[in-house]
>>> print(open('target_20.cif').read())   # mmCIF, N, CA and C atoms
data_final
#
loop_
_atom_site.label_atom_id
_atom_site.label_comp_id
_atom_site.auth_asym_id
_atom_site.auth_seq_id
_atom_site.Cartn_x
_atom_site.Cartn_y
_atom_site.Cartn_z
N MET Q 1 0.82 -1.19 0.00
CA MET Q 1 0.00 0.00 0.00
C MET Q 1 0.86 1.24 0.00
N CYS Q 2 2.07 1.12 0.50
CA CYS Q 2 2.99 2.27 0.51
C CYS Q 2 3.25 2.77 -0.90
N ALA Q 3 3.34 1.86 -1.87
CA ALA Q 3 3.59 2.27 -3.25
C ALA Q 3 2.46 3.15 -3.77
N ALA Q 4 1.23 2.83 -3.44
CA ALA Q 4 0.10 3.64 -3.88
C ALA Q 4 0.12 5.02 -3.23
N VAL Q 5 0.38 5.04 -1.93
CA VAL Q 5 0.41 6.31 -1.21
C VAL Q 5 1.57 7.17 -1.70
N CYS Q 6 2.76 6.58 -1.77
CA CYS Q 6 3.93 7.33 -2.24
C CYS Q 6 3.74 7.78 -3.69
N GLY Q 7 3.19 6.90 -4.51
CA GLY Q 7 2.92 7.25 -5.90
C GLY Q 7 1.91 8.37 -6.00
N GLY Q 8 0.89 8.31 -5.19
CA GLY Q 8 -0.13 9.35 -5.18
C GLY Q 8 0.44 10.71 -4.82
N LEU Q 9 1.31 10.72 -3.84
CA LEU Q 9 1.95 11.98 -3.45
C LEU Q 9 2.90 12.47 -4.54
N GLN Q 10 3.66 11.55 -5.13
CA GLN Q 10 4.64 11.90 -6.15
C GLN Q 10 4.00 12.52 -7.39
N VAL Q 11 2.90 11.97 -7.87
CA VAL Q 11 2.27 12.49 -9.09
C VAL Q 11 1.19 13.53 -8.79
N ARG Q 12 1.07 13.89 -7.51
CA ARG Q 12 0.07 14.88 -7.09
C ARG Q 12 -1.35 14.43 -7.47
N ALA Q 13 -1.63 13.18 -7.17
CA ALA Q 13 -2.94 12.60 -7.48
C ALA Q 13 -4.03 13.26 -6.66
N LYS Q 14 -5.19 13.33 -7.23
CA LYS Q 14 -6.36 13.87 -6.53
C LYS Q 14 -6.95 12.83 -5.58
N ALA Q 15 -6.67 11.54 -5.85
CA ALA Q 15 -7.24 10.48 -5.03
C ALA Q 15 -6.49 9.18 -5.24
N ILE Q 16 -6.63 8.30 -4.25
CA ILE Q 16 -6.19 6.92 -4.37
C ILE Q 16 -7.47 6.09 -4.34
N VAL Q 17 -7.65 5.24 -5.35
CA VAL Q 17 -8.82 4.37 -5.42
C VAL Q 17 -8.35 2.94 -5.17
N VAL Q 18 -8.99 2.29 -4.22
CA VAL Q 18 -8.67 0.90 -3.90
C VAL Q 18 -9.91 0.06 -4.20
N PHE Q 19 -9.79 -0.86 -5.17
CA PHE Q 19 -10.89 -1.78 -5.43
C PHE Q 19 -10.89 -2.83 -4.34
N THR Q 20 -12.07 -3.06 -3.74
CA THR Q 20 -12.13 -3.95 -2.59
C THR Q 20 -13.49 -4.62 -2.49
N LEU Q 21 -13.49 -5.80 -1.95
CA LEU Q 21 -14.75 -6.48 -1.60
C LEU Q 21 -14.97 -6.44 -0.10
N GLY Q 22 -13.89 -6.61 0.67
CA GLY Q 22 -14.02 -6.66 2.12
C GLY Q 22 -13.45 -5.48 2.87
N GLY Q 23 -12.52 -4.75 2.27
CA GLY Q 23 -12.00 -3.53 2.89
C GLY Q 23 -10.67 -3.63 3.59
N THR Q 24 -10.03 -4.79 3.58
CA THR Q 24 -8.77 -4.98 4.30
C THR Q 24 -7.70 -3.99 3.86
N THR Q 25 -7.46 -3.89 2.57
CA THR Q 25 -6.40 -3.01 2.05
C THR Q 25 -6.74 -1.54 2.29
N VAL Q 26 -8.00 -1.19 2.17
CA VAL Q 26 -8.41 0.20 2.40
C VAL Q 26 -8.15 0.59 3.85
N SER Q 27 -8.44 -0.30 4.77
CA SER Q 27 -8.18 -0.03 6.19
C SER Q 27 -6.69 0.22 6.42
N ARG Q 28 -5.85 -0.57 5.77
CA ARG Q 28 -4.40 -0.37 5.89
C ARG Q 28 -3.98 1.00 5.34
N ALA Q 29 -4.55 1.37 4.21
CA ALA Q 29 -4.20 2.63 3.57
C ALA Q 29 -4.57 3.82 4.45
N SER Q 30 -5.67 3.72 5.16
CA SER Q 30 -6.12 4.86 5.97
C SER Q 30 -5.25 5.07 7.21
N ARG Q 31 -4.53 4.06 7.62
CA ARG Q 31 -3.71 4.17 8.84
C ARG Q 31 -2.59 5.20 8.71
N SER Q 32 -2.10 5.43 7.49
CA SER Q 32 -0.98 6.36 7.32
C SER Q 32 -1.42 7.83 7.39
N ARG Q 33 -2.71 8.08 7.30
CA ARG Q 33 -3.27 9.43 7.43
C ARG Q 33 -2.54 10.46 6.56
N HIS Q 34 -2.38 10.13 5.30
CA HIS Q 34 -1.69 11.00 4.36
C HIS Q 34 -2.67 12.02 3.78
N SER Q 35 -2.15 12.93 2.96
CA SER Q 35 -2.96 14.03 2.45
C SER Q 35 -3.81 13.67 1.23
N VAL Q 36 -3.53 12.55 0.57
CA VAL Q 36 -4.30 12.16 -0.61
C VAL Q 36 -5.51 11.34 -0.14
N PRO Q 37 -6.73 11.77 -0.50
CA PRO Q 37 -7.91 11.02 -0.04
C PRO Q 37 -7.98 9.62 -0.64
N VAL Q 38 -8.49 8.68 0.16
CA VAL Q 38 -8.62 7.29 -0.24
C VAL Q 38 -10.09 6.99 -0.50
N PHE Q 39 -10.37 6.36 -1.65
CA PHE Q 39 -11.72 5.97 -2.00
C PHE Q 39 -11.76 4.46 -2.19
N ALA Q 40 -12.69 3.82 -1.49
CA ALA Q 40 -12.90 2.39 -1.64
C ALA Q 40 -13.92 2.18 -2.74
N ALA Q 41 -13.51 1.53 -3.82
CA ALA Q 41 -14.43 1.19 -4.91
C ALA Q 41 -14.91 -0.23 -4.65
N THR Q 42 -16.19 -0.38 -4.33
CA THR Q 42 -16.72 -1.67 -3.96
C THR Q 42 -18.13 -1.87 -4.50
N SER Q 43 -18.47 -3.12 -4.68
CA SER Q 43 -19.83 -3.46 -5.10
C SER Q 43 -20.65 -3.97 -3.92
N VAL Q 44 -20.07 -3.94 -2.73
CA VAL Q 44 -20.71 -4.49 -1.53
C VAL Q 44 -21.15 -3.34 -0.62
N PRO Q 45 -22.46 -3.09 -0.53
CA PRO Q 45 -22.94 -1.97 0.29
C PRO Q 45 -22.46 -2.02 1.75
N ALA Q 46 -22.41 -3.20 2.36
CA ALA Q 46 -21.97 -3.31 3.75
C ALA Q 46 -20.52 -2.89 3.90
N THR Q 47 -19.68 -3.22 2.92
CA THR Q 47 -18.28 -2.80 2.95
C THR Q 47 -18.18 -1.29 2.85
N ALA Q 48 -18.94 -0.70 1.94
CA ALA Q 48 -18.94 0.76 1.77
C ALA Q 48 -19.32 1.45 3.08
N ARG Q 49 -20.34 0.93 3.76
CA ARG Q 49 -20.77 1.53 5.02
C ARG Q 49 -19.72 1.38 6.11
N SER Q 50 -19.15 0.19 6.25
CA SER Q 50 -18.20 -0.04 7.34
C SER Q 50 -16.91 0.74 7.13
N LEU Q 51 -16.50 0.94 5.88
CA LEU Q 51 -15.26 1.67 5.63
C LEU Q 51 -15.38 3.16 5.93
N SER Q 52 -16.60 3.66 6.01
CA SER Q 52 -16.78 5.07 6.34
C SER Q 52 -16.29 5.39 7.76
N LEU Q 53 -16.08 4.35 8.56
CA LEU Q 53 -15.55 4.54 9.92
C LEU Q 53 -14.03 4.70 9.94
N ASN Q 54 -13.37 4.44 8.83
CA ASN Q 54 -11.92 4.59 8.75
C ASN Q 54 -11.55 6.03 8.43
N TRP Q 55 -10.46 6.50 9.01
CA TRP Q 55 -10.02 7.87 8.82
C TRP Q 55 -9.71 8.15 7.35
N GLY Q 56 -10.28 9.23 6.82
CA GLY Q 56 -9.95 9.68 5.47
C GLY Q 56 -10.46 8.81 4.34
N VAL Q 57 -11.38 7.90 4.60
CA VAL Q 57 -11.87 6.99 3.56
C VAL Q 57 -13.30 7.36 3.18
N ASP Q 58 -13.53 7.43 1.89
CA ASP Q 58 -14.87 7.59 1.34
C ASP Q 58 -15.08 6.40 0.40
N SER Q 59 -16.31 6.09 0.09
CA SER Q 59 -16.58 4.93 -0.77
C SER Q 59 -17.24 5.34 -2.07
N ILE Q 60 -16.96 4.56 -3.08
CA ILE Q 60 -17.65 4.65 -4.36
C ILE Q 60 -18.37 3.31 -4.52
N LEU Q 61 -19.68 3.33 -4.37
CA LEU Q 61 -20.45 2.09 -4.48
C LEU Q 61 -20.72 1.83 -5.95
N LEU Q 62 -20.16 0.76 -6.45
CA LEU Q 62 -20.30 0.38 -7.86
C LEU Q 62 -21.46 -0.59 -7.99
N GLN Q 63 -22.66 -0.04 -8.14
CA GLN Q 63 -23.85 -0.87 -8.24
C GLN Q 63 -23.89 -1.57 -9.58
N ASP Q 64 -24.55 -2.70 -9.62
CA ASP Q 64 -24.66 -3.51 -10.83
C ASP Q 64 -23.29 -3.86 -11.39
N THR Q 65 -22.37 -4.18 -10.49
CA THR Q 65 -21.01 -4.50 -10.88
C THR Q 65 -20.64 -5.87 -10.31
N ASP Q 66 -20.00 -6.68 -11.13
CA ASP Q 66 -19.49 -7.97 -10.70
C ASP Q 66 -17.99 -7.97 -10.91
N PHE Q 67 -17.24 -7.85 -9.84
CA PHE Q 67 -15.77 -7.77 -9.94
C PHE Q 67 -15.18 -8.97 -10.66
N GLU Q 68 -15.83 -10.11 -10.55
CA GLU Q 68 -15.32 -11.33 -11.17
C GLU Q 68 -15.56 -11.35 -12.68
N GLN Q 69 -16.64 -10.74 -13.14
CA GLN Q 69 -17.05 -10.84 -14.53
C GLN Q 69 -16.74 -9.60 -15.37
N ASP Q 70 -16.82 -8.41 -14.78
CA ASP Q 70 -16.65 -7.18 -15.54
C ASP Q 70 -15.20 -6.97 -15.95
N ASP Q 71 -15.01 -6.37 -17.11
CA ASP Q 71 -13.69 -6.02 -17.61
C ASP Q 71 -13.08 -4.96 -16.69
N PHE Q 72 -11.77 -5.08 -16.39
CA PHE Q 72 -11.15 -4.16 -15.45
C PHE Q 72 -11.19 -2.72 -15.95
N ASP Q 73 -11.05 -2.50 -17.25
CA ASP Q 73 -11.14 -1.13 -17.77
C ASP Q 73 -12.53 -0.54 -17.52
N GLU Q 74 -13.58 -1.37 -17.59
CA GLU Q 74 -14.93 -0.90 -17.26
C GLU Q 74 -15.02 -0.51 -15.79
N LEU Q 75 -14.41 -1.30 -14.92
CA LEU Q 75 -14.40 -0.97 -13.50
C LEU Q 75 -13.67 0.34 -13.25
N LEU Q 76 -12.56 0.53 -13.96
CA LEU Q 76 -11.80 1.78 -13.82
C LEU Q 76 -12.65 2.98 -14.24
N GLU Q 77 -13.35 2.84 -15.35
CA GLU Q 77 -14.21 3.93 -15.82
C GLU Q 77 -15.32 4.23 -14.81
N LYS Q 78 -15.91 3.18 -14.21
CA LYS Q 78 -16.95 3.38 -13.21
C LYS Q 78 -16.40 4.13 -12.00
N ALA Q 79 -15.18 3.82 -11.61
CA ALA Q 79 -14.56 4.53 -10.49
C ALA Q 79 -14.34 6.00 -10.83
N LEU Q 80 -13.87 6.27 -12.06
CA LEU Q 80 -13.68 7.67 -12.47
C LEU Q 80 -15.00 8.43 -12.48
N VAL Q 81 -16.06 7.79 -12.95
CA VAL Q 81 -17.39 8.42 -12.94
C VAL Q 81 -17.79 8.75 -11.50
N GLY Q 82 -17.54 7.83 -10.58
CA GLY Q 82 -17.85 8.06 -9.17
C GLY Q 82 -17.07 9.23 -8.58
N LEU Q 83 -15.80 9.34 -8.93
CA LEU Q 83 -14.98 10.46 -8.44
C LEU Q 83 -15.44 11.79 -9.03
N ARG Q 84 -15.84 11.77 -10.30
CA ARG Q 84 -16.38 12.99 -10.91
C ARG Q 84 -17.66 13.42 -10.21
N ALA Q 85 -18.52 12.45 -9.93
CA ALA Q 85 -19.80 12.75 -9.27
C ALA Q 85 -19.59 13.34 -7.88
N LYS Q 86 -18.51 12.96 -7.22
CA LYS Q 86 -18.20 13.48 -5.89
C LYS Q 86 -17.45 14.81 -5.96
N GLY Q 87 -17.14 15.26 -7.18
CA GLY Q 87 -16.44 16.54 -7.34
C GLY Q 87 -14.94 16.47 -7.13
N VAL Q 88 -14.40 15.26 -7.05
CA VAL Q 88 -12.96 15.09 -6.82
C VAL Q 88 -12.18 15.38 -8.10
N LEU Q 89 -12.69 14.91 -9.23
CA LEU Q 89 -12.04 15.09 -10.51
C LEU Q 89 -12.80 16.14 -11.32
N LYS Q 90 -12.06 17.14 -11.78
CA LYS Q 90 -12.70 18.20 -12.56
C LYS Q 90 -12.02 18.40 -13.90
N ASP Q 91 -10.72 18.44 -13.89
CA ASP Q 91 -9.94 18.69 -15.10
C ASP Q 91 -9.54 17.37 -15.75
N PRO Q 92 -9.51 17.28 -17.08
CA PRO Q 92 -9.10 16.02 -17.73
C PRO Q 92 -7.69 15.57 -17.34
N SER Q 93 -6.86 16.49 -16.88
CA SER Q 93 -5.49 16.12 -16.49
C SER Q 93 -5.36 15.70 -15.03
N ASP Q 94 -6.45 15.74 -14.27
CA ASP Q 94 -6.41 15.27 -12.88
C ASP Q 94 -6.02 13.79 -12.87
N LEU Q 95 -5.13 13.43 -11.94
CA LEU Q 95 -4.62 12.06 -11.87
C LEU Q 95 -5.17 11.32 -10.65
N VAL Q 96 -5.27 10.00 -10.81
CA VAL Q 96 -5.75 9.10 -9.77
C VAL Q 96 -4.83 7.89 -9.72
N VAL Q 97 -4.45 7.45 -8.53
CA VAL Q 97 -3.71 6.21 -8.37
C VAL Q 97 -4.72 5.13 -7.99
N VAL Q 98 -4.67 4.01 -8.70
CA VAL Q 98 -5.62 2.92 -8.49
C VAL Q 98 -4.86 1.66 -8.09
N THR Q 99 -5.37 0.96 -7.08
CA THR Q 99 -4.81 -0.34 -6.71
C THR Q 99 -5.92 -1.38 -6.72
N ALA Q 100 -5.52 -2.60 -7.00
CA ALA Q 100 -6.45 -3.73 -6.99
C ALA Q 100 -5.65 -5.00 -6.83
N GLY Q 101 -6.30 -6.03 -6.38
CA GLY Q 101 -5.67 -7.34 -6.27
C GLY Q 101 -6.42 -8.35 -7.12
N PHE Q 102 -5.66 -9.09 -7.90
CA PHE Q 102 -6.26 -10.15 -8.73
C PHE Q 102 -5.78 -11.49 -8.24
N PRO Q 103 -6.62 -12.44 -8.06
CA PRO Q 103 -8.07 -12.36 -8.25
C PRO Q 103 -8.71 -11.56 -7.12
N PHE Q 104 -9.85 -10.94 -7.41
CA PHE Q 104 -10.57 -10.20 -6.39
C PHE Q 104 -11.02 -11.16 -5.29
N GLY Q 105 -11.13 -10.62 -4.08
CA GLY Q 105 -11.64 -11.42 -2.97
C GLY Q 105 -10.57 -12.03 -2.08
N VAL Q 106 -9.28 -11.84 -2.42
CA VAL Q 106 -8.19 -12.34 -1.58
C VAL Q 106 -7.75 -11.17 -0.70
N PRO Q 107 -8.03 -11.22 0.60
CA PRO Q 107 -7.73 -10.08 1.48
C PRO Q 107 -6.26 -9.67 1.43
N GLY Q 108 -6.04 -8.37 1.18
CA GLY Q 108 -4.69 -7.81 1.22
C GLY Q 108 -3.81 -8.13 0.03
N ALA Q 109 -4.33 -8.78 -1.00
CA ALA Q 109 -3.51 -9.20 -2.14
C ALA Q 109 -3.50 -8.13 -3.23
N VAL Q 110 -2.76 -7.05 -3.00
CA VAL Q 110 -2.65 -5.98 -3.99
C VAL Q 110 -1.50 -6.30 -4.93
N ASN Q 111 -1.81 -6.46 -6.22
CA ASN Q 111 -0.76 -6.77 -7.18
C ASN Q 111 -0.92 -5.95 -8.46
N ASN Q 112 -1.68 -4.86 -8.38
CA ASN Q 112 -1.90 -4.02 -9.54
C ASN Q 112 -1.91 -2.56 -9.08
N LEU Q 113 -1.11 -1.74 -9.73
CA LEU Q 113 -1.04 -0.31 -9.42
C LEU Q 113 -1.04 0.44 -10.74
N ARG Q 114 -1.96 1.38 -10.88
CA ARG Q 114 -2.06 2.18 -12.10
C ARG Q 114 -2.24 3.64 -11.76
N VAL Q 115 -1.75 4.47 -12.64
CA VAL Q 115 -2.02 5.91 -12.57
C VAL Q 115 -2.90 6.23 -13.77
N LEU Q 116 -4.06 6.81 -13.49
CA LEU Q 116 -5.02 7.16 -14.55
C LEU Q 116 -5.24 8.65 -14.57
N SER Q 117 -5.58 9.14 -15.74
CA SER Q 117 -6.03 10.53 -15.83
C SER Q 117 -7.54 10.54 -15.87
N ASN Q 118 -8.11 11.67 -15.53
CA ASN Q 118 -9.55 11.85 -15.58
C ASN Q 118 -10.08 11.70 -17.00
N ALA Q 119 -9.20 11.76 -17.99
CA ALA Q 119 -9.61 11.61 -19.39
C ALA Q 119 -10.11 10.19 -19.68
N GLY Q 120 -9.77 9.23 -18.84
CA GLY Q 120 -10.28 7.87 -19.04
C GLY Q 120 -9.23 6.81 -18.87
N ALA Q 121 -9.70 5.60 -18.64
CA ALA Q 121 -8.82 4.47 -18.36
C ALA Q 121 -7.94 4.10 -19.54
N LYS Q 122 -8.38 4.39 -20.75
CA LYS Q 122 -7.61 3.99 -21.92
C LYS Q 122 -6.85 5.15 -22.55
N SER Q 123 -6.79 6.27 -21.88
CA SER Q 123 -6.06 7.40 -22.45
C SER Q 123 -4.89 7.77 -21.55
N TRP Q 124 -3.82 8.20 -22.16
CA TRP Q 124 -2.67 8.67 -21.41
C TRP Q 124 -1.93 9.68 -22.25
N ASP Q 125 -1.56 10.77 -21.63
CA ASP Q 125 -0.87 11.86 -22.30
C ASP Q 125 0.46 12.05 -21.55
N GLU Q 126 1.57 11.91 -22.24
CA GLU Q 126 2.90 12.03 -21.61
C GLU Q 126 3.07 13.38 -20.92
N SER Q 127 2.38 14.42 -21.38
CA SER Q 127 2.53 15.74 -20.75
C SER Q 127 1.95 15.76 -19.33
N LEU Q 128 1.17 14.72 -18.97
CA LEU Q 128 0.62 14.66 -17.62
C LEU Q 128 1.67 14.32 -16.58
N VAL Q 129 2.78 13.76 -17.01
CA VAL Q 129 3.85 13.39 -16.09
C VAL Q 129 4.60 14.65 -15.73
N HIS Q 130 4.58 15.00 -14.44
CA HIS Q 130 5.27 16.20 -13.98
C HIS Q 130 6.75 16.10 -14.25
N GLY Q 131 7.32 17.17 -14.73
CA GLY Q 131 8.74 17.19 -15.01
C GLY Q 131 9.05 17.03 -16.48
N HIS Q 132 8.05 16.74 -17.32
CA HIS Q 132 8.28 16.63 -18.77
C HIS Q 132 8.27 17.99 -19.39
#
>>> encode(input="target_20.cif", output="structure tokens")
Amino acid sequence: MCAAVCGGLQVRAKAIVVFTLGGTTVSRASRSRHSVPVFAATSVPATARSLSLNWGVDSILLQDTDFEQDDFDELLEKALVGLRAKGVLKDPSDLVVVTAGFPFGVPGAVNNLRVLSNAGAKSWDESLVHGH
């Protein structure tokens, strides 16, 4: 989880999104109390509710979503839509750090880290990288 937090700070991300079913990794991320907000992207209403008790965590409830069946790029887009709806992402160049574990449902198994722009999961502009 340190890689997501450090990466989020490094690229000046607007948010860290953690895909989760049970909330284990999100709880770990909130312990560091860093300045980048953490959003739990989950399809489980009970998980979304319980994670609201963690410091600095908000949830994006992905209704009508099956983590096992849906394409990961579709899940990423749904998370971006949720962040836009919450007012977190405004500019197309706003960045988000996303973590997930495959297969879904294994507590604490984070093996995927991505940096996305608000422009979408399948778009990337080299000028978004600070220092270019």
>>> residues_around(input="target_20.cif", residues="Val96 of chain Q", least_positions_apart="6", cutoff="7 Å", atoms="all atoms listed in the file", output="number ranges by chain")
Q: 8, 12-17, 114-118
>>> atom_distance(input="target_20.cif", atom1="atom CA of Pro37 of chain Q", atom2="atom N of Gly56 of chain Q")
7.5 Å
>>> closest_residue(input="target_20.cif", among="Q:Leu83, Q:Ala100, Q:Ala29, Q:Val88", to="Leu113 of chain Q", atoms="all atoms listed in the file")
Q:Ala100
>>> atom_distance(input="target_20.cif", atom1="atom N of Leu53 of chain Q", atom2="atom C of Asp94 of chain Q")
25.5 Å
>>> atom_distance(input="target_20.cif", atom1="atom CA of Gly23 of chain Q", atom2="atom C of Asp73 of chain Q")
20.6 Å
>>> closest_residue(input="target_20.cif", among="Q:Phe39, Q:Ala85, Q:Arg31, Q:Glu74", to="Phe19 of chain Q", atoms="only N, CA and C atoms")
Q:Phe39
>>> build_atoms(input="target_20.cif", residues="segment 81-104 of chain Q", atoms="N, CA, C and O atoms", output="PDB file, in the frame of the given file")
ATOM      1  N   VAL Q  81     -16.060   7.790 -12.950  1.00  0.00           N
ATOM      2  CA  VAL Q  81     -17.390   8.420 -12.940  1.00  0.00           C
ATOM      3  C   VAL Q  81     -17.790   8.750 -11.500  1.00  0.00           C
ATOM      4  O   VAL Q  81     -18.303   9.846 -11.227  1.00  0.00           O
ATOM      5  N   GLY Q  82     -17.540   7.830 -10.580  1.00  0.00           N
ATOM      6  CA  GLY Q  82     -17.850   8.060  -9.170  1.00  0.00           C
ATOM      7  C   GLY Q  82     -17.070   9.230  -8.580  1.00  0.00           C
ATOM      8  O   GLY Q  82     -17.633  10.046  -7.833  1.00  0.00           O
ATOM      9  N   LEU Q  83     -15.800   9.340  -8.930  1.00  0.00           N
ATOM     10  CA  LEU Q  83     -14.980  10.460  -8.440  1.00  0.00           C
ATOM     11  C   LEU Q  83     -15.440  11.790  -9.030  1.00  0.00           C
ATOM     12  O   LEU Q  83     -15.436  12.814  -8.353  1.00  0.00           O
ATOM     13  N   ARG Q  84     -15.840  11.770 -10.300  1.00  0.00           N
ATOM     14  CA  ARG Q  84     -16.380  12.990 -10.910  1.00  0.00           C
ATOM     15  C   ARG Q  84     -17.660  13.420 -10.210  1.00  0.00           C
ATOM     16  O   ARG Q  84     -17.878  14.603  -9.932  1.00  0.00           O
ATOM     17  N   ALA Q  85     -18.520  12.450  -9.930  1.00  0.00           N
ATOM     18  CA  ALA Q  85     -19.800  12.750  -9.270  1.00  0.00           C
ATOM     19  C   ALA Q  85     -19.590  13.340  -7.880  1.00  0.00           C
ATOM     20  O   ALA Q  85     -20.388  14.169  -7.430  1.00  0.00           O
ATOM     21  N   LYS Q  86     -18.510  12.960  -7.220  1.00  0.00           N
ATOM     22  CA  LYS Q  86     -18.200  13.480  -5.890  1.00  0.00           C
ATOM     23  C   LYS Q  86     -17.450  14.810  -5.960  1.00  0.00           C
ATOM     24  O   LYS Q  86     -17.117  15.391  -4.937  1.00  0.00           O
ATOM     25  N   GLY Q  87     -17.140  15.260  -7.180  1.00  0.00           N
ATOM     26  CA  GLY Q  87     -16.440  16.540  -7.340  1.00  0.00           C
ATOM     27  C   GLY Q  87     -14.940  16.470  -7.130  1.00  0.00           C
ATOM     28  O   GLY Q  87     -14.273  17.496  -7.051  1.00  0.00           O
ATOM     29  N   VAL Q  88     -14.400  15.260  -7.050  1.00  0.00           N
ATOM     30  CA  VAL Q  88     -12.960  15.090  -6.820  1.00  0.00           C
ATOM     31  C   VAL Q  88     -12.180  15.380  -8.100  1.00  0.00           C
ATOM     32  O   VAL Q  88     -11.123  16.005  -8.066  1.00  0.00           O
ATOM     33  N   LEU Q  89     -12.690  14.910  -9.230  1.00  0.00           N
ATOM     34  CA  LEU Q  89     -12.040  15.090 -10.510  1.00  0.00           C
ATOM     35  C   LEU Q  89     -12.800  16.140 -11.320  1.00  0.00           C
ATOM     36  O   LEU Q  89     -14.010  16.016 -11.506  1.00  0.00           O
ATOM     37  N   LYS Q  90     -12.060  17.140 -11.780  1.00  0.00           N
ATOM     38  CA  LYS Q  90     -12.700  18.200 -12.560  1.00  0.00           C
ATOM     39  C   LYS Q  90     -12.020  18.400 -13.900  1.00  0.00           C
ATOM     40  O   LYS Q  90     -12.670  18.518 -14.920  1.00  0.00           O
ATOM     41  N   ASP Q  91     -10.720  18.440 -13.890  1.00  0.00           N
ATOM     42  CA  ASP Q  91      -9.940  18.690 -15.100  1.00  0.00           C
ATOM     43  C   ASP Q  91      -9.540  17.370 -15.750  1.00  0.00           C
ATOM     44  O   ASP Q  91      -9.246  16.403 -15.037  1.00  0.00           O
ATOM     45  N   PRO Q  92      -9.510  17.280 -17.080  1.00  0.00           N
ATOM     46  CA  PRO Q  92      -9.100  16.020 -17.730  1.00  0.00           C
ATOM     47  C   PRO Q  92      -7.690  15.570 -17.340  1.00  0.00           C
ATOM     48  O   PRO Q  92      -7.381  14.380 -17.405  1.00  0.00           O
ATOM     49  N   SER Q  93      -6.860  16.490 -16.880  1.00  0.00           N
ATOM     50  CA  SER Q  93      -5.490  16.120 -16.490  1.00  0.00           C
ATOM     51  C   SER Q  93      -5.360  15.700 -15.030  1.00  0.00           C
ATOM     52  O   SER Q  93      -4.275  15.318 -14.594  1.00  0.00           O
ATOM     53  N   ASP Q  94      -6.450  15.740 -14.270  1.00  0.00           N
ATOM     54  CA  ASP Q  94      -6.410  15.270 -12.880  1.00  0.00           C
ATOM     55  C   ASP Q  94      -6.020  13.790 -12.870  1.00  0.00           C
ATOM     56  O   ASP Q  94      -6.510  13.004 -13.670  1.00  0.00           O
ATOM     57  N   LEU Q  95      -5.130  13.430 -11.940  1.00  0.00           N
ATOM     58  CA  LEU Q  95      -4.620  12.060 -11.870  1.00  0.00           C
ATOM     59  C   LEU Q  95      -5.170  11.320 -10.650  1.00  0.00           C
ATOM     60  O   LEU Q  95      -5.443  11.921  -9.618  1.00  0.00           O
ATOM     61  N   VAL Q  96      -5.270  10.000 -10.810  1.00  0.00           N
ATOM     62  CA  VAL Q  96      -5.750   9.100  -9.770  1.00  0.00           C
ATOM     63  C   VAL Q  96      -4.830   7.890  -9.720  1.00  0.00           C
ATOM     64  O   VAL Q  96      -4.439   7.373 -10.772  1.00  0.00           O
ATOM     65  N   VAL Q  97      -4.450   7.450  -8.530  1.00  0.00           N
ATOM     66  CA  VAL Q  97      -3.710   6.210  -8.370  1.00  0.00           C
ATOM     67  C   VAL Q  97      -4.720   5.130  -7.990  1.00  0.00           C
ATOM     68  O   VAL Q  97      -5.549   5.326  -7.107  1.00  0.00           O
ATOM     69  N   VAL Q  98      -4.670   4.010  -8.700  1.00  0.00           N
ATOM     70  CA  VAL Q  98      -5.620   2.920  -8.490  1.00  0.00           C
ATOM     71  C   VAL Q  98      -4.860   1.660  -8.090  1.00  0.00           C
ATOM     72  O   VAL Q  98      -3.839   1.322  -8.702  1.00  0.00           O
ATOM     73  N   THR Q  99      -5.370   0.960  -7.080  1.00  0.00           N
ATOM     74  CA  THR Q  99      -4.810  -0.340  -6.710  1.00  0.00           C
ATOM     75  C   THR Q  99      -5.920  -1.380  -6.720  1.00  0.00           C
ATOM     76  O   THR Q  99      -7.082  -1.075  -6.483  1.00  0.00           O
ATOM     77  N   ALA Q 100      -5.520  -2.600  -7.000  1.00  0.00           N
ATOM     78  CA  ALA Q 100      -6.450  -3.730  -6.990  1.00  0.00           C
ATOM     79  C   ALA Q 100      -5.650  -5.000  -6.830  1.00  0.00           C
ATOM     80  O   ALA Q 100      -4.443  -5.024  -7.103  1.00  0.00           O
ATOM     81  N   GLY Q 101      -6.300  -6.030  -6.380  1.00  0.00           N
ATOM     82  CA  GLY Q 101      -5.670  -7.340  -6.270  1.00  0.00           C
ATOM     83  C   GLY Q 101      -6.420  -8.350  -7.120  1.00  0.00           C
ATOM     84  O   GLY Q 101      -7.634  -8.399  -7.093  1.00  0.00           O
ATOM     85  N   PHE Q 102      -5.660  -9.090  -7.900  1.00  0.00           N
ATOM     86  CA  PHE Q 102      -6.260 -10.150  -8.730  1.00  0.00           C
ATOM     87  C   PHE Q 102      -5.780 -11.490  -8.240  1.00  0.00           C
ATOM     88  O   PHE Q 102      -4.577 -11.644  -8.031  1.00  0.00           O
ATOM     89  N   PRO Q 103      -6.620 -12.440  -8.060  1.00  0.00           N
ATOM     90  CA  PRO Q 103      -8.070 -12.360  -8.250  1.00  0.00           C
ATOM     91  C   PRO Q 103      -8.710 -11.560  -7.120  1.00  0.00           C
ATOM     92  O   PRO Q 103      -8.180 -11.507  -6.000  1.00  0.00           O
ATOM     93  N   PHE Q 104      -9.850 -10.940  -7.410  1.00  0.00           N
ATOM     94  CA  PHE Q 104     -10.570 -10.200  -6.390  1.00  0.00           C
ATOM     95  C   PHE Q 104     -11.020 -11.160  -5.290  1.00  0.00           C
ATOM     96  O   PHE Q 104     -11.239 -12.340  -5.522  1.00  0.00           O
TER      97      PHE Q 104
END
